[in-house]
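See below for upload23.pdb, which holds PDB, C-alpha atoms and all ligand atoms.
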```pdb
ATOM      1  CA  MET M 182     -46.456  86.491  28.782
ATOM      2  CA  ARG M 183     -44.457  89.628  28.177
ATOM      3  CA  GLN M 184     -42.866  90.870  25.002
ATOM      4  CA  PHE M 185     -39.689  92.898  24.570
ATOM      5  CA  ILE M 186     -37.741  94.240  21.615
ATOM      6  CA  CYS M 187     -34.168  92.999  21.287
ATOM      7  CA  PRO M 188     -31.838  96.035  21.505
ATOM      8  CA  ALA M 189     -29.341  94.364  19.168
ATOM      9  CA  CYS M 190     -31.484  93.193  16.233
ATOM     10  CA  GLY M 191     -34.959  94.647  16.822
ATOM     11  CA  ALA M 192     -36.761  91.301  16.959
ATOM     12  CA  ALA M 193     -39.824  91.031  19.205
ATOM     13  CA  ASN M 194     -39.237  88.361  21.854
ATOM     14  CA  ARG M 195     -41.911  86.845  24.090
ATOM     15  CA  THR M 196     -40.867  85.897  27.615
ATOM     16  CA  PRO M 197     -42.978  83.490  29.715
ATOM     17  CA  ASP M 198     -44.129  84.803  33.079
ATOM     18  CA  ASP M 199     -42.059  82.192  34.930
ATOM     19  CA  LYS M 200     -38.829  83.319  33.267
ATOM     20  CA  ASP M 201     -36.874  86.411  34.277
ATOM     21  CA  PRO M 202     -36.705  88.747  31.266
ATOM     22  CA  LEU M 203     -33.433  90.152  32.627
ATOM     23  CA  ALA M 204     -31.832  86.759  31.982
ATOM     24  CA  ALA M 205     -33.533  86.145  28.613
ATOM     25  CA  LYS M 206     -31.698  86.121  25.308
ATOM     26  CA  CYS M 207     -32.997  87.045  21.878
ATOM     27  CA  GLY M 208     -34.368  84.080  19.922
ATOM     28  CA  ARG M 209     -33.034  85.554  16.704
ATOM     29  CA  CYS M 210     -29.549  86.873  17.481
ATOM     30  CA  GLY M 211     -28.788  85.440  20.949
ATOM     31  CA  GLU M 212     -28.005  88.801  22.563
ATOM     32  CA  PRO M 213     -29.457  89.576  26.028
ATOM     33  CA  LEU M 214     -32.803  91.399  25.936
ATOM     34  CA  PHE M 215     -31.635  93.630  28.794
ATOM     35  CA  SER M 216     -28.369  95.072  30.000
ATOM     36  CA  ALA M 217     -27.818  97.292  33.028
ATOM     37  CA  HIS M 218     -27.919 100.315  30.725
ATOM     38  CA  PRO M 219     -30.685 102.164  28.890
ATOM     39  CA  VAL M 220     -30.963 101.450  25.165
ATOM     40  CA  GLU M 221     -30.003 104.175  22.686
ATOM     41  CA  VAL M 222     -32.742 104.310  20.046
ATOM     42  CA  ASN M 223     -33.421 106.078  16.775
ATOM     43  CA  ALA M 224     -36.935 106.960  15.629
ATOM     44  CA  LYS M 225     -37.547 103.530  14.097
ATOM     45  CA  ALA M 226     -36.372 101.596  17.151
ATOM     46  CA  LEU M 227     -38.383 103.870  19.420
ATOM     47  CA  GLY M 228     -41.491 103.071  17.383
ATOM     48  CA  ALA M 229     -40.807  99.334  17.648
ATOM     49  CA  HIS M 230     -40.347  99.475  21.420
ATOM     50  CA  ARG M 231     -43.515 101.539  21.829
ATOM     51  CA  ALA M 232     -45.640  99.332  19.605
ATOM     52  CA  SER M 233     -44.336  95.902  20.560
ATOM     53  CA  THR M 234     -43.401  96.056  24.246
ATOM     54  CA  LYS M 235     -46.153  94.121  26.037
ATOM     55  CA  GLY M 236     -46.646  93.699  29.765
ATOM     56  CA  ALA M 237     -44.136  96.424  30.591
ATOM     57  CA  ALA M 238     -43.881 100.189  30.316
ATOM     58  CA  VAL M 239     -41.424 102.165  28.184
ATOM     59  CA  LEU M 240     -39.592 105.175  29.626
ATOM     60  CA  VAL M 241     -37.818 107.471  27.161
ATOM     61  CA  ASP M 242     -35.148 110.013  28.098
ATOM     62  CA  VAL M 243     -35.027 112.684  25.402
ATOM     63  CA  TRP M 244     -31.632 114.350  25.524
ATOM     64  CA  ALA M 245     -28.980 116.056  23.377
ATOM     65  CA  PRO M 246     -25.170 116.111  23.464
ATOM     66  CA  TRP M 247     -25.083 119.917  23.856
ATOM     67  CA  CYS M 248     -27.415 119.838  26.887
ATOM     68  CA  GLY M 249     -25.431 119.995  30.142
ATOM     69  CA  PRO M 250     -28.310 118.967  32.429
ATOM     70  CA  CYS M 251     -28.994 116.020  30.073
ATOM     71  CA  ARG M 252     -25.415 114.805  30.371
ATOM     72  CA  ALA M 253     -25.531 115.279  34.146
ATOM     73  CA  MET M 254     -28.691 113.170  34.326
ATOM     74  CA  ALA M 255     -27.333 110.311  32.165
ATOM     75  CA  PRO M 256     -25.771 108.314  35.032
ATOM     76  CA  GLN M 257     -28.915 108.878  37.115
ATOM     77  CA  PHE M 258     -31.078 107.517  34.310
ATOM     78  CA  ALA M 259     -28.744 104.518  33.960
ATOM     79  CA  ALA M 260     -28.999 103.872  37.699
ATOM     80  CA  ALA M 261     -32.789 104.048  37.436
ATOM     81  CA  ALA M 262     -32.671 101.455  34.637
ATOM     82  CA  ALA M 263     -31.027  98.945  36.935
ATOM     83  CA  ARG M 264     -33.870  99.427  39.425
ATOM     84  CA  LEU M 265     -36.884  99.631  37.088
ATOM     85  CA  GLN M 266     -36.108  96.944  34.526
ATOM     86  CA  PRO M 267     -37.749  94.698  33.363
ATOM     87  CA  ASP M 268     -41.077  96.225  34.466
ATOM     88  CA  VAL M 269     -40.019  99.337  32.584
ATOM     89  CA  ARG M 270     -37.832  99.409  29.465
ATOM     90  CA  LEU M 271     -35.568 102.487  29.552
ATOM     91  CA  LEU M 272     -34.615 104.146  26.272
ATOM     92  CA  LYS M 273     -32.586 107.196  25.293
ATOM     93  CA  LEU M 274     -33.486 109.314  22.270
ATOM     94  CA  ASN M 275     -30.918 111.846  21.024
ATOM     95  CA  SER M 276     -33.064 114.798  19.938
ATOM     96  CA  GLU M 277     -30.181 116.314  17.980
ATOM     97  CA  ALA M 278     -29.877 113.163  15.848
ATOM     98  CA  GLU M 279     -33.640 112.561  15.751
ATOM     99  CA  PRO M 280     -35.287 116.024  15.793
ATOM    100  CA  GLN M 281     -38.399 114.828  13.988
ATOM    101  CA  ALA M 282     -39.031 112.012  16.469
ATOM    102  CA  ALA M 283     -38.525 114.401  19.389
ATOM    103  CA  GLY M 284     -40.927 116.864  17.759
ATOM    104  CA  GLU M 285     -43.561 114.181  17.263
ATOM    105  CA  LEU M 286     -43.323 113.372  20.964
ATOM    106  CA  GLY M 287     -44.153 117.006  21.702
ATOM    107  CA  VAL M 288     -40.863 117.600  23.481
ATOM    108  CA  SER M 289     -39.858 121.240  23.794
ATOM    109  CA  GLY M 290     -37.485 121.366  26.771
ATOM    110  CA  ILE M 291     -34.885 118.723  27.587
ATOM    111  CA  PRO M 292     -34.055 116.591  29.414
ATOM    112  CA  ALA M 293     -37.571 115.221  29.097
ATOM    113  CA  LEU M 294     -38.958 111.914  30.305
ATOM    114  CA  LEU M 295     -41.929 110.280  28.597
ATOM    115  CA  LEU M 296     -43.602 107.172  29.928
ATOM    116  CA  PHE M 297     -45.528 104.889  27.579
ATOM    117  CA  ARG M 298     -47.806 101.976  28.307
ATOM    118  CA  ASP M 299     -49.413  99.947  25.507
ATOM    119  CA  GLY M 300     -48.006 102.481  23.051
ATOM    120  CA  ARG M 301     -49.704 105.484  24.677
ATOM    121  CA  ALA M 302     -47.946 108.291  26.524
ATOM    122  CA  ILE M 303     -49.328 108.199  30.075
ATOM    123  CA  ALA M 304     -46.989 110.684  31.777
ATOM    124  CA  ARG M 305     -44.270 113.194  30.968
ATOM    125  CA  THR M 306     -41.959 115.499  32.839
ATOM    126  CA  ALA M 307     -39.027 117.774  32.051
ATOM    127  CA  GLY M 308     -35.890 118.790  33.894
ATOM    128  CA  ALA M 309     -32.991 116.900  35.397
ATOM    129  CA  MET M 310     -33.868 114.336  38.066
ATOM    130  CA  SER M 311     -31.928 112.040  40.382
ATOM    131  CA  ALA M 312     -32.208 108.263  40.074
ATOM    132  CA  ASP M 313     -34.436 108.222  43.159
ATOM    133  CA  GLN M 314     -36.700 110.850  41.638
ATOM    134  CA  ILE M 315     -36.896 109.022  38.304
ATOM    135  CA  VAL M 316     -37.824 105.738  40.002
ATOM    136  CA  ALA M 317     -40.406 107.389  42.272
ATOM    137  CA  TRP M 318     -41.974 109.401  39.442
ATOM    138  CA  THR M 319     -42.207 106.332  37.194
ATOM    139  CA  ARG M 320     -43.722 104.096  39.855
ATOM    140  CA  GLN M 321     -46.242 106.760  40.806
ATOM    141  CA  ALA M 322     -47.257 107.265  37.177
ATOM    142  CA  LEU M 323     -47.721 103.516  36.710
ATOM    143  CA  ALA M 324     -49.611 102.939  39.964
ATOM    144  CA  PRO M 325     -53.105 103.898  38.685
ATOM    145  CA  ALA M 326     -52.700 101.755  35.544
ATOM    146  CA  GLN M 327     -51.661  98.755  37.596
ATOM    147  CA  ALA M 328     -54.580  99.251  40.000
ATOM    148  CA  ARG M 329     -57.007  99.363  37.058
ATOM    149  CA  ALA M 330     -55.471  96.245  35.514
ATOM    150  CA  GLN M 331     -55.793  94.342  38.781
ATOM    151  CA  SER M 332     -59.442  95.311  39.198
ATOM    152  CA  GLY M 333     -60.171  94.107  35.670
ATOM    153  CA  GLY M 334     -60.921  97.544  34.248
TER     154      GLY M 334
HETATM  155 ZN    ZN G   1     -31.798  90.036  18.718
END
```

Represent the structure of the file as structure tokens.
Ligand code: ZN
Amino acid sequence: MRQFICPACGAANRTPDDKDPLAAKCGRCGEPLFSAHPVEVNAKALGAHRASTKGAAVLVDVWAPWCGPCRAMAPQFAAAAARLQPDVRLLKLNSEAEPQAAGELGVSGIPALLLFRDGRAIARTAGAMSADQIVAWTRQALAPAQARAQSGG
């Protein structure tokens, strides 16, 4: 059983292991739980995704409209979403609109990527990356956690 937050209404939705989360729709509002694109979040939605996403990781792109490298990376991050979802939920946090949330994440330079599992930050990096680099970095960061989970630790 996995659990994902609906991007449209914020409801937590459980998805059975034999169902593809990419094809699942929200039990409350009927919207798809995933699209091909990362989800734009505010501080509240970010908190909900972090706290209530179960059985999947959460990858946050902290960006700002005035940041050229951030805008250049946006299509790369979107391409990475299509490859990483649903094992990883990709979110975008606008640090200009949500400076407090970005500060609480400890972000100083952007673009910054933060990877969460079970609500905890397990990896972070800064600087523009290609889709290939984002996918490789994320999978590498998740590899030890998955190995521990499989060995029962
Ligand atoms: Zn919904």

Test item: residues lying within 8 Å of ligand ZN 1 (chain G) with all atoms listed in the file, as a list in words: Ile186, Cys187, Pro188, Ala189, Cys190, Gly191, Ala192, Lys206, Cys207, Gly208, Arg209, Cys210, Gly211, Glu212, Pro213 and Leu214 of chain M

Emit the selected residues as a compact mmCIF listing (two decimals), keeping the file's coordinate frame, including C-alpha atoms.
```
# COMPACT_ATOMS: atom_id res chain seq x y z
CA ILE M 186 -37.74 94.24 21.62
CA CYS M 187 -34.17 93.00 21.29
CA PRO M 188 -31.84 96.04 21.50
CA ALA M 189 -29.34 94.36 19.17
CA CYS M 190 -31.48 93.19 16.23
CA GLY M 191 -34.96 94.65 16.82
CA ALA M 192 -36.76 91.30 16.96
CA LYS M 206 -31.70 86.12 25.31
CA CYS M 207 -33.00 87.04 21.88
CA GLY M 208 -34.37 84.08 19.92
CA ARG M 209 -33.03 85.55 16.70
CA CYS M 210 -29.55 86.87 17.48
CA GLY M 211 -28.79 85.44 20.95
CA GLU M 212 -28.00 88.80 22.56
CA PRO M 213 -29.46 89.58 26.03
CA LEU M 214 -32.80 91.40 25.94
```

Applying the PyMOL selection byres (((chain M and resi 232-240) around 9) and not hetatm) to the file I just gave you, which residues come out? Please list them as a count of residues only. 32

Could you tell me how far atom CA of M:Pro246 sits from atom CA of M:Pro292, in Å to one decimal place? 10.7 Å

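Atom CA of M:Ile315 sits 6.5 Å away from atom CA of M:Ala261.
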
For the PyMOL selection byres (((chain M and resi 285) around 12) and not hetatm), applied here, can you spell out every residue it catches as an mmCIF file with C-alpha atoms, in the frame of the given file?
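The resulting file, part-v5.cif, is reproduced below:
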```
data_model
loop_
_atom_site.group_PDB
_atom_site.id
_atom_site.type_symbol
_atom_site.label_atom_id
_atom_site.label_comp_id
_atom_site.auth_asym_id
_atom_site.auth_seq_id
_atom_site.Cartn_x
_atom_site.Cartn_y
_atom_site.Cartn_z
ATOM 1 C CA ALA M 224 -36.935 106.960 15.629
ATOM 2 C CA LEU M 227 -38.383 103.870 19.420
ATOM 3 C CA GLY M 228 -41.491 103.071 17.383
ATOM 4 C CA VAL M 243 -35.027 112.684 25.402
ATOM 5 C CA SER M 276 -33.064 114.798 19.938
ATOM 6 C CA GLU M 279 -33.640 112.561 15.751
ATOM 7 C CA PRO M 280 -35.287 116.024 15.793
ATOM 8 C CA GLN M 281 -38.399 114.828 13.988
ATOM 9 C CA ALA M 282 -39.031 112.012 16.469
ATOM 10 C CA ALA M 283 -38.525 114.401 19.389
ATOM 11 C CA GLY M 284 -40.927 116.864 17.759
ATOM 12 C CA LEU M 286 -43.323 113.372 20.964
ATOM 13 C CA GLY M 287 -44.153 117.006 21.702
ATOM 14 C CA VAL M 288 -40.863 117.600 23.481
ATOM 15 C CA SER M 289 -39.858 121.240 23.794
ATOM 16 C CA ALA M 302 -47.946 108.291 26.524
#
```

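Minimum atom-to-atom distance to M:Ala260, evaluated using all atoms listed in the file, belongs to M:Pro219 out of M:Ile303, M:Pro219, M:Asp199, M:Ala324.
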
Figure out the distance between atom CA of M:Cys251 and atom CA of M:Val220, please, to one decimal in Å.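 We find that atom CA of M:Val220 and atom CA of M:Cys251 lie 15.5 Å from each other.
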
For M:Ala245, which residue out of M:Arg264, M:Ala293, M:Ala259, M:His218 is the nearest one, using only C-alpha atoms? M:Ala293

For a quick check of understanding, using only C-alpha atoms, which of M:Leu274, M:Val222, M:Ile291, M:Val316 has the smallest distance to M:Gly249?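 Closest to M:Gly249 of all the choices is M:Ile291.
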